[in-house]
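File shown here: start18.txt, holding compact mmCIF, C-alpha atoms and all ligand atoms.
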# COMPACT_ATOMS: atom_id res chain seq x y z
CA MET B 244 110.26 91.73 3.51
CA VAL B 245 113.78 92.37 4.75
CA LYS B 246 114.82 95.83 3.58
CA PRO B 247 118.11 96.44 1.77
CA ALA B 248 120.55 98.87 3.40
CA GLU B 249 119.33 102.42 3.94
CA ARG B 250 122.32 103.90 2.05
CA LEU B 251 121.07 102.38 -1.23
CA LYS B 252 117.77 104.25 -1.04
CA SER B 253 118.99 107.51 -2.50
CA ILE B 254 120.94 105.82 -5.31
CA GLU B 255 119.16 105.92 -8.66
CA LEU B 256 119.49 103.35 -11.40
CA SER B 257 121.12 104.61 -14.59
CA GLN B 258 118.95 106.95 -16.68
CA ILE B 259 120.62 105.55 -19.77
CA ARG B 260 119.27 102.09 -19.08
CA LYS B 261 115.85 103.65 -18.49
CA MET B 262 115.93 105.13 -22.00
CA PHE B 263 116.41 101.70 -23.53
CA GLU B 264 113.45 100.30 -21.69
CA VAL B 265 111.11 102.72 -23.44
CA CYS B 266 112.49 102.40 -26.97
CA ASP B 267 110.90 100.53 -29.87
CA ASP B 268 112.82 98.77 -32.65
CA SER B 269 112.48 101.53 -35.24
CA ALA B 270 114.09 104.13 -32.97
CA ILE B 271 117.70 105.11 -33.67
CA SER B 272 119.75 105.01 -30.53
CA LEU B 273 122.16 107.83 -29.79
CA GLY B 274 121.98 106.66 -26.20
CA ILE B 275 124.47 103.86 -26.09
CA GLY B 276 127.99 104.25 -24.69
CA GLU B 277 129.73 101.41 -26.45
CA PRO B 278 131.51 101.07 -29.79
CA ASP B 279 129.31 99.47 -32.46
CA PHE B 280 132.28 97.44 -33.77
CA ASP B 281 133.01 93.75 -33.47
CA ILE B 282 136.06 92.82 -31.36
CA PRO B 283 139.39 92.53 -33.25
CA GLU B 284 139.69 89.28 -35.22
CA ASN B 285 142.98 88.31 -33.54
CA VAL B 286 141.28 88.67 -30.14
CA LYS B 287 138.46 86.40 -31.24
CA ILE B 288 140.94 83.76 -32.41
CA ALA B 289 142.99 83.99 -29.21
CA ILE B 290 139.87 83.55 -27.07
CA ASN B 291 138.71 80.56 -29.09
CA ASN B 292 142.15 78.95 -28.83
CA ALA B 293 142.29 79.59 -25.09
CA LEU B 294 138.90 77.93 -24.67
CA GLU B 295 140.09 74.91 -26.66
CA GLU B 296 143.20 74.74 -24.50
CA GLY B 297 141.15 74.86 -21.32
CA PHE B 298 142.28 78.25 -20.05
CA THR B 299 139.13 78.38 -17.96
CA HIS B 300 140.39 78.30 -14.39
CA TYR B 301 141.07 80.92 -11.74
CA THR B 302 144.13 83.02 -12.49
CA HIS B 303 146.35 84.97 -10.11
CA ASN B 304 144.05 87.35 -8.21
CA LYS B 305 145.77 90.33 -9.81
CA GLY B 306 145.45 88.81 -13.29
CA PHE B 307 147.85 86.47 -15.09
CA LEU B 308 151.40 87.75 -15.12
CA GLU B 309 151.92 88.00 -18.92
CA LEU B 310 148.88 90.28 -19.19
CA ARG B 311 150.13 92.52 -16.39
CA GLU B 312 153.53 92.64 -18.12
CA GLU B 313 151.86 93.78 -21.34
CA ILE B 314 149.87 96.43 -19.46
CA SER B 315 153.08 97.59 -17.78
CA LYS B 316 154.74 97.93 -21.23
CA LYS B 317 151.75 99.82 -22.57
CA LEU B 318 151.79 102.24 -19.65
CA ARG B 319 155.49 102.91 -20.24
CA SER B 320 155.19 103.51 -23.97
CA ASP B 321 151.82 105.31 -24.11
CA ASN B 322 151.66 107.08 -20.77
CA LYS B 323 155.32 107.53 -19.80
CA VAL B 324 154.81 105.87 -16.41
CA ASN B 325 156.87 103.07 -14.95
CA ILE B 326 154.53 100.69 -13.20
CA ASP B 327 155.68 97.24 -12.23
CA PRO B 328 153.37 94.28 -13.09
CA ASN B 329 153.01 93.76 -9.32
CA SER B 330 151.40 97.18 -9.06
CA ILE B 331 148.71 96.36 -11.61
CA LEU B 332 145.37 94.82 -10.80
CA VAL B 333 143.26 93.36 -13.63
CA THR B 334 139.57 93.99 -12.95
CA VAL B 335 136.10 93.20 -14.25
CA GLY B 336 135.96 96.30 -16.45
CA ALA B 337 136.88 99.83 -15.51
CA SER B 338 133.62 99.73 -13.54
CA GLU B 339 135.07 97.30 -11.02
CA ALA B 340 138.29 99.31 -10.87
CA LEU B 341 136.26 102.37 -9.96
CA TYR B 342 134.25 100.50 -7.36
CA ILE B 343 137.44 99.08 -5.83
CA CYS B 344 138.88 102.59 -5.53
CA ALA B 345 135.70 103.83 -3.85
CA GLN B 346 135.61 100.96 -1.37
CA GLY B 347 139.36 100.98 -0.86
CA PHE B 348 139.92 104.73 -0.39
CA PHE B 349 136.71 106.44 0.68
CA GLU B 350 134.98 106.53 4.03
CA LYS B 351 132.38 108.58 5.85
CA GLY B 352 133.56 112.17 6.28
CA ASP B 353 135.80 112.15 3.19
CA GLU B 354 135.11 114.62 0.43
CA ILE B 355 135.46 113.28 -3.09
CA LEU B 356 135.73 115.76 -5.93
CA ILE B 357 133.93 114.56 -9.05
CA PRO B 358 133.52 116.23 -12.45
CA ASP B 359 130.16 117.84 -13.15
CA PRO B 360 129.09 116.97 -15.82
CA GLY B 361 130.60 113.53 -15.29
CA PHE B 362 130.11 109.80 -15.75
CA LEU B 363 127.17 108.75 -13.59
CA SER B 364 128.94 105.89 -11.79
CA TYR B 365 131.23 108.33 -9.98
CA LYS B 366 128.52 109.72 -7.73
CA ALA B 367 126.91 106.33 -7.18
CA CYS B 368 130.22 104.71 -6.15
CA VAL B 369 130.97 107.57 -3.74
CA ASP B 370 127.44 107.38 -2.30
CA ILE B 371 127.75 103.62 -1.71
CA SER B 372 131.03 104.24 0.13
CA GLU B 373 129.23 106.81 2.35
CA ALA B 374 131.73 109.55 1.55
CA THR B 375 130.50 112.94 0.29
CA THR B 376 130.65 114.04 -3.35
CA ILE B 377 131.82 117.56 -4.11
CA PRO B 378 131.01 118.49 -7.70
CA VAL B 379 133.73 120.29 -9.65
CA GLU B 380 132.05 122.17 -12.44
CA ALA B 381 133.50 121.63 -15.90
CA LYS B 382 132.50 125.04 -17.23
CA ILE B 383 130.96 125.45 -20.62
CA SER B 384 132.94 128.70 -20.94
CA ASN B 385 136.07 126.52 -20.85
CA ASP B 386 134.59 124.05 -23.36
CA TYR B 387 133.94 121.71 -20.41
CA LYS B 388 137.66 121.31 -19.69
CA ILE B 389 138.34 121.22 -15.95
CA LYS B 390 140.93 123.83 -14.97
CA LEU B 391 143.30 123.97 -12.02
CA GLU B 392 141.22 126.77 -10.38
CA ASP B 393 138.03 124.67 -10.58
CA VAL B 394 139.64 121.94 -8.47
CA GLU B 395 141.67 124.28 -6.26
CA GLU B 396 138.60 126.13 -4.98
CA LYS B 397 136.97 122.88 -3.85
CA ILE B 398 139.91 121.59 -1.81
CA SER B 399 139.40 121.31 1.94
CA SER B 400 141.07 119.44 4.78
CA LYS B 401 138.60 116.61 4.08
CA THR B 402 139.48 116.18 0.40
CA LYS B 403 140.48 112.58 -0.16
CA ALA B 404 140.31 112.25 -3.94
CA PHE B 405 139.58 113.86 -7.27
CA ILE B 406 138.16 111.68 -10.01
CA MET B 407 139.61 112.87 -13.30
CA ASN B 408 138.18 111.76 -16.64
CA SER B 409 139.83 112.93 -19.83
CA PRO B 410 138.61 112.44 -22.57
CA SER B 411 135.28 112.97 -20.86
CA ASN B 412 132.03 111.13 -20.84
CA PRO B 413 129.60 112.93 -21.42
CA THR B 414 131.17 116.09 -22.89
CA GLY B 415 133.91 114.79 -25.22
CA ALA B 416 136.30 117.38 -23.72
CA VAL B 417 140.03 116.67 -23.40
CA MET B 418 141.81 118.42 -20.54
CA ASP B 419 144.89 120.55 -21.22
CA LYS B 420 148.27 119.16 -20.22
CA LYS B 421 149.05 122.21 -18.08
CA ASP B 422 145.90 121.67 -15.99
CA ILE B 423 146.56 117.94 -15.63
CA LYS B 424 150.07 118.67 -14.44
CA ALA B 425 148.98 121.48 -12.11
CA ILE B 426 146.23 119.34 -10.57
CA ALA B 427 148.77 116.53 -10.13
CA ASP B 428 151.03 118.98 -8.26
CA LEU B 429 148.03 120.00 -6.15
CA ALA B 430 147.43 116.33 -5.28
CA THR B 431 151.03 116.02 -4.12
CA ASP B 432 150.91 119.24 -2.09
CA HIS B 433 147.53 118.58 -0.46
CA ASP B 434 147.95 114.82 -0.25
CA PHE B 435 144.85 113.61 -2.03
CA ILE B 436 144.67 110.93 -4.69
CA ILE B 437 143.73 111.47 -8.33
CA ILE B 438 141.68 108.56 -9.58
CA SER B 439 142.29 108.96 -13.28
CA ASP B 440 139.72 107.27 -15.48
CA GLU B 441 141.51 107.01 -18.83
CA ILE B 442 139.11 104.64 -20.55
CA TYR B 443 138.73 106.93 -23.61
CA GLU B 444 142.43 107.74 -23.95
CA LYS B 445 142.72 106.28 -27.48
CA ILE B 446 139.45 107.71 -28.76
CA ILE B 447 140.84 111.16 -29.26
CA TYR B 448 140.96 113.49 -32.29
CA ASP B 449 143.96 115.69 -33.08
CA LYS B 450 144.78 115.92 -29.37
CA LYS B 451 147.15 114.12 -27.04
CA HIS B 452 146.22 112.30 -23.87
CA TYR B 453 148.28 112.86 -20.72
CA SER B 454 148.02 110.78 -17.57
CA PRO B 455 148.39 112.64 -14.25
CA LYS B 456 150.33 109.60 -13.02
CA GLN B 457 153.21 110.93 -15.09
CA PHE B 458 153.40 113.92 -12.74
CA THR B 459 152.58 112.57 -9.26
CA ASP B 460 152.74 109.40 -7.17
CA ASN B 461 149.35 110.44 -5.77
CA ALA B 462 147.47 109.11 -8.77
CA ILE B 463 146.00 105.79 -9.73
CA ILE B 464 145.11 104.88 -13.31
CA ILE B 465 141.85 103.23 -14.33
CA ASN B 466 141.75 101.92 -17.86
CA GLY B 467 140.33 98.99 -19.80
CA PHE B 468 139.51 97.33 -23.07
CA SER B 469 135.78 98.14 -23.46
CA LYS B 470 136.16 101.26 -25.58
CA THR B 471 139.54 100.89 -27.30
CA TYR B 472 138.89 97.34 -28.50
CA ALA B 473 135.06 97.28 -28.38
CA MET B 474 135.26 94.56 -25.71
CA THR B 475 132.43 95.86 -23.50
CA GLY B 476 130.79 92.50 -22.87
CA LEU B 477 134.06 90.79 -22.00
CA ARG B 478 134.25 92.99 -18.87
CA ILE B 479 137.95 93.57 -18.60
CA GLY B 480 139.89 96.55 -17.26
CA TYR B 481 142.66 97.41 -14.82
CA LEU B 482 144.02 99.59 -12.06
CA ALA B 483 147.65 100.72 -11.93
CA GLY B 484 149.30 102.55 -9.07
CA GLU B 485 151.75 102.35 -6.20
CA GLU B 486 152.43 98.80 -5.01
CA GLU B 487 151.43 99.31 -1.33
CA ILE B 488 148.12 100.79 -2.45
CA ILE B 489 147.40 98.04 -4.97
CA GLU B 490 148.13 95.42 -2.28
CA GLU B 491 145.46 97.00 -0.06
CA LEU B 492 142.94 97.42 -2.87
CA LEU B 493 143.49 93.78 -3.81
CA LYS B 494 141.51 92.87 -0.70
CA VAL B 495 138.36 94.44 -2.17
CA HIS B 496 138.91 92.67 -5.49
CA GLN B 497 139.81 89.31 -3.95
CA TYR B 498 136.71 89.13 -1.78
CA ASN B 499 134.48 90.44 -4.53
CA THR B 500 135.43 88.64 -7.75
CA ALA B 501 138.62 86.64 -6.90
CA CYS B 502 139.96 87.42 -10.38
CA ALA B 503 138.77 88.80 -13.72
CA PRO B 504 137.44 86.12 -16.11
CA SER B 505 140.36 84.08 -17.50
CA ILE B 506 139.08 84.13 -21.08
CA SER B 507 138.60 87.90 -21.04
CA GLN B 508 142.13 88.28 -19.70
CA ILE B 509 143.36 86.38 -22.76
CA GLY B 510 141.36 88.82 -24.88
CA GLY B 511 143.05 91.75 -23.15
CA TYR B 512 146.49 90.21 -23.57
CA GLU B 513 146.00 89.61 -27.29
CA ALA B 514 144.48 93.09 -27.78
CA LEU B 515 147.63 94.71 -26.38
CA LYS B 516 150.15 92.34 -27.92
CA GLY B 517 148.58 92.17 -31.39
CA PRO B 518 148.55 94.74 -34.21
CA GLN B 519 146.98 98.12 -33.36
CA GLY B 520 145.60 98.93 -36.84
CA TYR B 521 142.12 98.06 -35.59
CA VAL B 522 142.16 100.95 -33.13
CA LYS B 523 143.32 103.41 -35.81
CA THR B 524 140.56 102.32 -38.20
CA MET B 525 137.89 102.59 -35.51
CA VAL B 526 139.04 106.03 -34.35
CA LYS B 527 139.17 107.23 -37.98
CA GLU B 528 135.54 106.19 -38.40
CA PHE B 529 134.55 107.86 -35.11
CA LYS B 530 136.21 111.05 -36.35
CA ARG B 531 134.14 110.94 -39.57
CA ARG B 532 130.97 110.58 -37.49
CA LYS B 533 132.08 113.30 -35.09
CA ASP B 534 132.52 115.71 -38.01
CA LEU B 535 129.06 114.77 -39.26
CA ILE B 536 127.28 115.17 -35.92
CA SER B 537 129.10 118.45 -35.16
CA LYS B 538 127.99 119.92 -38.47
CA ARG B 539 124.42 118.69 -38.22
CA LEU B 540 124.02 119.95 -34.62
CA ASP B 541 125.33 123.28 -35.80
CA ASP B 542 122.73 123.30 -38.62
CA LEU B 543 120.07 122.52 -36.00
CA ASN B 544 121.27 125.50 -33.94
CA LEU B 545 122.07 123.21 -31.02
CA GLU B 546 125.14 124.72 -29.44
CA CYS B 547 127.92 122.24 -28.83
CA THR B 548 131.49 122.64 -27.57
CA PRO B 549 134.33 121.18 -29.69
CA LEU B 550 134.33 117.39 -29.61
CA GLU B 551 137.89 116.28 -28.93
CA GLY B 552 137.54 112.74 -27.64
CA ALA B 553 135.28 109.81 -26.65
CA PHE B 554 132.14 109.43 -28.82
CA TYR B 555 129.64 111.80 -27.27
CA ALA B 556 128.20 115.19 -28.12
CA PHE B 557 126.64 117.18 -25.28
CA PRO B 558 124.65 119.95 -26.97
CA GLN B 559 122.58 122.54 -25.15
CA VAL B 560 118.82 122.60 -25.49
CA GLU B 561 116.16 124.71 -23.82
CA ASN B 562 114.79 121.94 -21.63
CA ALA B 563 116.48 118.55 -21.70
CA LYS B 564 113.55 116.47 -20.45
CA ASP B 565 111.23 117.99 -23.09
CA TYR B 566 113.83 117.57 -25.80
CA VAL B 567 114.49 113.92 -24.99
CA LYS B 568 110.75 113.25 -25.15
CA LYS B 569 110.34 115.09 -28.45
CA ALA B 570 113.35 113.25 -29.87
CA LEU B 571 111.79 109.96 -28.83
CA ASP B 572 108.54 110.97 -30.56
CA VAL B 573 110.45 111.37 -33.86
CA GLY B 574 112.29 108.08 -33.25
CA VAL B 575 115.65 109.07 -31.75
CA ILE B 576 116.95 108.02 -28.36
CA THR B 577 119.05 110.58 -26.50
CA VAL B 578 119.91 110.88 -22.81
CA PRO B 579 118.97 113.85 -20.62
CA GLY B 580 121.91 115.73 -19.14
CA SER B 581 120.49 115.64 -15.62
CA GLY B 582 121.92 112.14 -15.16
CA PHE B 583 125.43 113.55 -15.48
CA GLY B 584 125.34 116.23 -12.79
CA GLN B 585 123.71 119.26 -11.29
CA THR B 586 124.69 121.65 -14.06
CA CYS B 587 123.15 119.80 -16.99
CA GLU B 588 119.40 120.45 -16.99
CA CYS B 589 119.82 122.02 -20.42
CA ASN B 590 121.97 119.41 -22.12
CA VAL B 591 121.34 116.13 -23.84
CA ARG B 592 123.97 113.51 -24.50
CA MET B 593 124.13 112.02 -27.97
CA SER B 594 126.44 109.12 -28.59
CA TYR B 595 127.84 108.75 -32.09
CA ALA B 596 128.74 105.11 -31.53
CA ASN B 597 126.24 104.30 -34.25
CA SER B 598 126.70 104.01 -38.03
CA TYR B 599 127.27 107.11 -40.18
CA GLU B 600 124.00 106.40 -42.00
CA ASN B 601 122.04 106.05 -38.76
CA ILE B 602 123.48 109.30 -37.41
CA GLU B 603 122.48 111.03 -40.66
CA GLU B 604 118.96 109.63 -40.41
CA ALA B 605 118.75 110.54 -36.69
CA MET B 606 119.68 114.13 -37.53
CA ASN B 607 117.07 114.21 -40.32
CA ARG B 608 114.50 113.13 -37.75
CA LEU B 609 115.66 115.67 -35.16
CA GLU B 610 115.18 118.38 -37.79
CA LYS B 611 111.44 117.79 -37.46
CA ILE B 612 111.40 118.83 -33.80
CA LYS B 613 109.62 122.18 -33.42
C1 LIG B 701 134.01 107.33 -18.22
C2 LIG B 701 133.75 105.87 -18.10
N1 LIG B 701 134.44 105.15 -17.20
C3 LIG B 701 134.23 103.84 -17.04
C4 LIG B 701 133.30 103.16 -17.80
C5 LIG B 701 133.11 101.69 -17.56
O1 LIG B 701 133.76 100.93 -18.51
P1 LIG B 701 133.86 99.34 -18.41
O2 LIG B 701 133.02 98.79 -19.53
O3 LIG B 701 135.31 99.03 -18.62
O4 LIG B 701 133.38 98.91 -17.08
C6 LIG B 701 132.56 103.85 -18.75
C7 LIG B 701 131.54 103.17 -19.55
O5 LIG B 701 130.69 103.75 -20.18
C8 LIG B 701 132.78 105.24 -18.92
O6 LIG B 701 132.10 105.96 -19.80
Please go through the file and, once you have read it, give me the structure as structure tokens.
Amino acid sequence: MVKPAERLKSIELSQIRKMFEVCDDSAISLGIGEPDFDIPENVKIAINNALEEGFTHYTHNKGFLELREEISKKLRSDNKVNIDPNSILVTVGASEALYICAQGFFEKGDEILIPDPGFLSYKACVDISEATTIPVEAKISNDYKIKLEDVEEKISSKTKAFIMNSPSNPTGAVMDKKDIKAIADLATDHDFIIISDEIYEKIIYDKKHYSPKQFTDNAIIINGFSKTYAMTGLRIGYLAGEEEIIEELLKVHQYNTACAPSISQIGGYEALKGPQGYVKTMVKEFKRRKDLISKRLDDLNLECTPLEGAFYAFPQVENAKDYVKKALDVGVITVPGSGFGQTCECNVRMSYANSYENIEEAMNRLEKIK
């Protein structure tokens, strides 16, 4: 058999997917990282109409212009950044945007700073690019918020990028504006790029999201529609940055996917252009669940930092692997922290993207763990 490339050998498949393979139907899943809501009704209608009208062909490689114009408007009003539609690249989810950045920026010898704990794709994408990951610990003593000092002490002459993710998967932490700004200044001074994964920006509770792009040209924004509009399966996201950079990164996108799916682009366009009440209602419901899970984890004596964004809790347990197994035995799927970094042997991730009633029942079951 012809062997796949050596560099893939050390890359593990997602632990989260592994959890689903072992689950039976009666188990309640706190494993999944996607909103349990249907897509907005106006998006559904727009997609159906577009299908009827035959909007099923290749689009501009960067995405159709009207969508990029809407994204540009959104970035101006929500994130206070002026990014021309030409400097926006519509991708197959934030996942492709991340992969494009890794292939487009990183090479052997580069050091890439990634949050630890952090989203598991970051390390995998860096590994595939053959650059080196340098974990930046998001300290529990700082409620998992990355601070300027945490990044500063990891900077070397080889630092090429820092992947920032606020609100964070898996901790639910939201970084402070002063740290975002200070790290942006650091990127300017030391000439590295901040790859800012802002996919959870709207799923935030009593906090405000700030994009580092507001403070430095040395930042590129990754965002998408999967979380804000529950459009995970439509696979639609985007990259926004400086035009010369986007033109280069376009090469990776063009020879990989040509363009994001036309129908999903219509979905993205309608999601941005249409009413935003859907997002408010969804976030209100997530907040209700967050309050529930925070209280119940507290009752269970599972220590958890304040949950400020996204839809994950990342409580501490004695031994994550044992806990995940015991939870599975009582019918609850959780994810061991080890998948999210080197510092998480004693954490489990619980997603509250499940109904209020299911979360309540899951907590009742977890109460039975000795
Ligand atoms: C932090 C983070 N970034 C990116 C993604 C990928 O999102 P998409 O569905 O847009 O590819 C996820 C999905 O779970 C995520 O949690």
Would you mind listing the residues within 8 Å of ligand LIG 701 (chain B), counting only C-alpha atoms and all ligand atoms, as an mmCIF file with C-alpha atoms, in the coordinates of the input?
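Heads up, here's the output in selection18.cif:
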data_model
loop_
_atom_site.group_PDB
_atom_site.id
_atom_site.type_symbol
_atom_site.label_atom_id
_atom_site.label_comp_id
_atom_site.auth_asym_id
_atom_site.auth_seq_id
_atom_site.Cartn_x
_atom_site.Cartn_y
_atom_site.Cartn_z
ATOM 1 C CA GLY B 276 127.990 104.250 -24.690
ATOM 2 C CA GLU B 277 129.730 101.410 -26.450
ATOM 3 C CA VAL B 335 136.100 93.200 -14.250
ATOM 4 C CA GLY B 336 135.960 96.300 -16.450
ATOM 5 C CA ALA B 337 136.880 99.830 -15.510
ATOM 6 C CA SER B 338 133.620 99.730 -13.540
ATOM 7 C CA GLU B 339 135.070 97.300 -11.020
ATOM 8 C CA ALA B 340 138.290 99.310 -10.870
ATOM 9 C CA LEU B 341 136.260 102.370 -9.960
ATOM 10 C CA GLY B 361 130.600 113.530 -15.290
ATOM 11 C CA PHE B 362 130.110 109.800 -15.750
ATOM 12 C CA SER B 364 128.940 105.890 -11.790
ATOM 13 C CA ASN B 408 138.180 111.760 -16.640
ATOM 14 C CA SER B 411 135.280 112.970 -20.860
ATOM 15 C CA ASN B 412 132.030 111.130 -20.840
ATOM 16 C CA PRO B 413 129.600 112.930 -21.420
ATOM 17 C CA ASP B 440 139.720 107.270 -15.480
ATOM 18 C CA GLU B 441 141.510 107.010 -18.830
ATOM 19 C CA ILE B 442 139.110 104.640 -20.550
ATOM 20 C CA TYR B 443 138.730 106.930 -23.610
ATOM 21 C CA ASN B 466 141.750 101.920 -17.860
ATOM 22 C CA GLY B 467 140.330 98.990 -19.800
ATOM 23 C CA PHE B 468 139.510 97.330 -23.070
ATOM 24 C CA SER B 469 135.780 98.140 -23.460
ATOM 25 C CA LYS B 470 136.160 101.260 -25.580
ATOM 26 C CA MET B 474 135.260 94.560 -25.710
ATOM 27 C CA THR B 475 132.430 95.860 -23.500
ATOM 28 C CA GLY B 476 130.790 92.500 -22.870
ATOM 29 C CA ARG B 478 134.250 92.990 -18.870
ATOM 30 C CA ILE B 479 137.950 93.570 -18.600
ATOM 31 C CA GLY B 480 139.890 96.550 -17.260
#
Check your understanding: Of the candidates B:Phe529, B:Val245, B:Gly274, B:His303, which one gets nearest to B:Val567 if we count only C-alpha atoms?
Key ->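 That would be B:Gly274, the residue with the smallest distance to B:Val567.
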Exercise for review: Extract, using only C-alpha atoms, all DNA, RNA and protein residues at most 12 Å from B:Lys523, discarding same-chain residues fewer than 4 positions from it, and format them as an NGL selection string.
Suggested key: :B and (283 or 445-448 or 471-472 or 518-519 or 527-530)
Contacts of stretch 419-435 of chain B at 12 Å or less, counting only C-alpha atoms, minus same-chain residues fewer than 5 places along, as a compact mmCIF listing (two decimals) with C-alpha atoms, in the coordinates of the input?
# COMPACT_ATOMS: atom_id res chain seq x y z
CA PHE B 348 139.92 104.73 -0.39
CA PHE B 349 136.71 106.44 0.68
CA ASP B 353 135.80 112.15 3.19
CA GLU B 354 135.11 114.62 0.43
CA ILE B 355 135.46 113.28 -3.09
CA LEU B 356 135.73 115.76 -5.93
CA ASN B 385 136.07 126.52 -20.85
CA ASP B 386 134.59 124.05 -23.36
CA TYR B 387 133.94 121.71 -20.41
CA LYS B 388 137.66 121.31 -19.69
CA ILE B 389 138.34 121.22 -15.95
CA LYS B 390 140.93 123.83 -14.97
CA LEU B 391 143.30 123.97 -12.02
CA GLU B 392 141.22 126.77 -10.38
CA ASP B 393 138.03 124.67 -10.58
CA VAL B 394 139.64 121.94 -8.47
CA GLU B 395 141.67 124.28 -6.26
CA GLU B 396 138.60 126.13 -4.98
CA LYS B 397 136.97 122.88 -3.85
CA ILE B 398 139.91 121.59 -1.81
CA SER B 399 139.40 121.31 1.94
CA SER B 400 141.07 119.44 4.78
CA LYS B 401 138.60 116.61 4.08
CA THR B 402 139.48 116.18 0.40
CA LYS B 403 140.48 112.58 -0.16
CA ALA B 404 140.31 112.25 -3.94
CA PHE B 405 139.58 113.86 -7.27
CA ILE B 406 138.16 111.68 -10.01
CA MET B 407 139.61 112.87 -13.30
CA ASN B 408 138.18 111.76 -16.64
CA SER B 409 139.83 112.93 -19.83
CA PRO B 410 138.61 112.44 -22.57
CA LYS B 450 144.78 115.92 -29.37
CA LYS B 451 147.15 114.12 -27.04
CA HIS B 452 146.22 112.30 -23.87
CA TYR B 453 148.28 112.86 -20.72
CA SER B 454 148.02 110.78 -17.57
CA PRO B 455 148.39 112.64 -14.25
CA LYS B 456 150.33 109.60 -13.02
CA GLN B 457 153.21 110.93 -15.09
CA PHE B 458 153.40 113.92 -12.74
CA THR B 459 152.58 112.57 -9.26
CA ASP B 460 152.74 109.40 -7.17
CA ASN B 461 149.35 110.44 -5.77
CA ALA B 462 147.47 109.11 -8.77
CA ILE B 463 146.00 105.79 -9.73
CA GLU B 551 137.89 116.28 -28.93
Exercise for review: For each of B:Glu444, B:Glu350, B:Glu255, B:Asp370, take the minimum atom-to-atom distance to B:Val526, counting all atoms listed in the file, then give the residue where this is smallest.
Suggested key: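 Residue with the minimum atom-to-atom distance to B:Val526: B:Glu444.
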Check your understanding: Closest to B:Pro504 among B:Ala483, B:Ala293, B:Ile465, B:Leu477, using all atoms listed in the file?
Key ->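 When distances to B:Pro504 are compared using all atoms listed in the file, the smallest one comes from B:Leu477.
Note that the spacing between atom CA of B:Tyr566 and atom CA of B:Leu609 amounts to 9.7 Å.
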Exercise for review: Check the smallest atom-to-atom distance from each of B:Lys287, B:Lys366, B:Arg311, B:Lys316 to B:Asn329 using all atoms listed in the file, then report the winner.
Suggested key: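 So, comparing all the options, the nearest one is B:Arg311.
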Exercise for review: Considering only C-alpha atoms, return as a count of residues only whatever protein or nucleic-acid residues lie within 9 Å of B:Ile371, sequence-local ones (same chain, fewer than 3 positions apart) excluded.
Suggested key: 9
Check your understanding: Hey, can you check how far atom CA of B:Ile489 sits from atom CA of B:Ser505?
Key ->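 Computing the Euclidean distance for atom CA of B:Ile489 and atom CA of B:Ser505 yields 20.0 Å.
Distances here use only C-alpha atoms; by that measure, the residue among B:Gly510, B:Ala416, B:Phe583, B:Gly484 closest to B:Leu550 is B:Ala416.
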Point to revise | Which residue of B:Thr414, B:Ser257, B:Ser384, B:Thr376 approaches B:Ala553 most closely, using all atoms listed in the file | key: B:Thr414
Practice item. Would you list the contacts of B:Ala270 as number ranges by chain, taking every protein, DNA or RNA residue within 7 Å and counting only C-alpha atoms, but skipping same-chain residues closer than 3 positions in sequence? Key: B: 266-267, 574-576
Kindly save the residues from that selection, with C-alpha atoms included, as an mmCIF file, keeping the file's coordinate frame.
data_model
loop_
_atom_site.group_PDB
_atom_site.id
_atom_site.type_symbol
_atom_site.label_atom_id
_atom_site.label_comp_id
_atom_site.auth_asym_id
_atom_site.auth_seq_id
_atom_site.Cartn_x
_atom_site.Cartn_y
_atom_site.Cartn_z
ATOM 1 C CA CYS B 266 112.490 102.400 -26.970
ATOM 2 C CA ASP B 267 110.900 100.530 -29.870
ATOM 3 C CA GLY B 574 112.290 108.080 -33.250
ATOM 4 C CA VAL B 575 115.650 109.070 -31.750
ATOM 5 C CA ILE B 576 116.950 108.020 -28.360
#
Check your understanding: Which residues come within 7 Å of B:Leu492, counting only C-alpha atoms, excluding same-chain residues fewer than 3 positions away, as a list in words?
Key ->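 Contacts, in chain order: Ile343, Gly347, Ile488, Ile489, Val495 and His496 of chain B.
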Point to revise | Protein/DNA/RNA residues near (127.5, 110.9, -32.3), cut 10 Å, all atoms listed in the file, as a PyMOL selection string | key: chain B and resi 272-275+529-537+540+550+553-557+592-599+601-603+605-606
Exercise for review: Could you please determine the separation between atom CA of B:Ile314 and atom CA of B:Val522 in Å, to one decimal place?
Suggested key: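 Separation between atom CA of B:Ile314 and atom CA of B:Val522: 16.3 Å.
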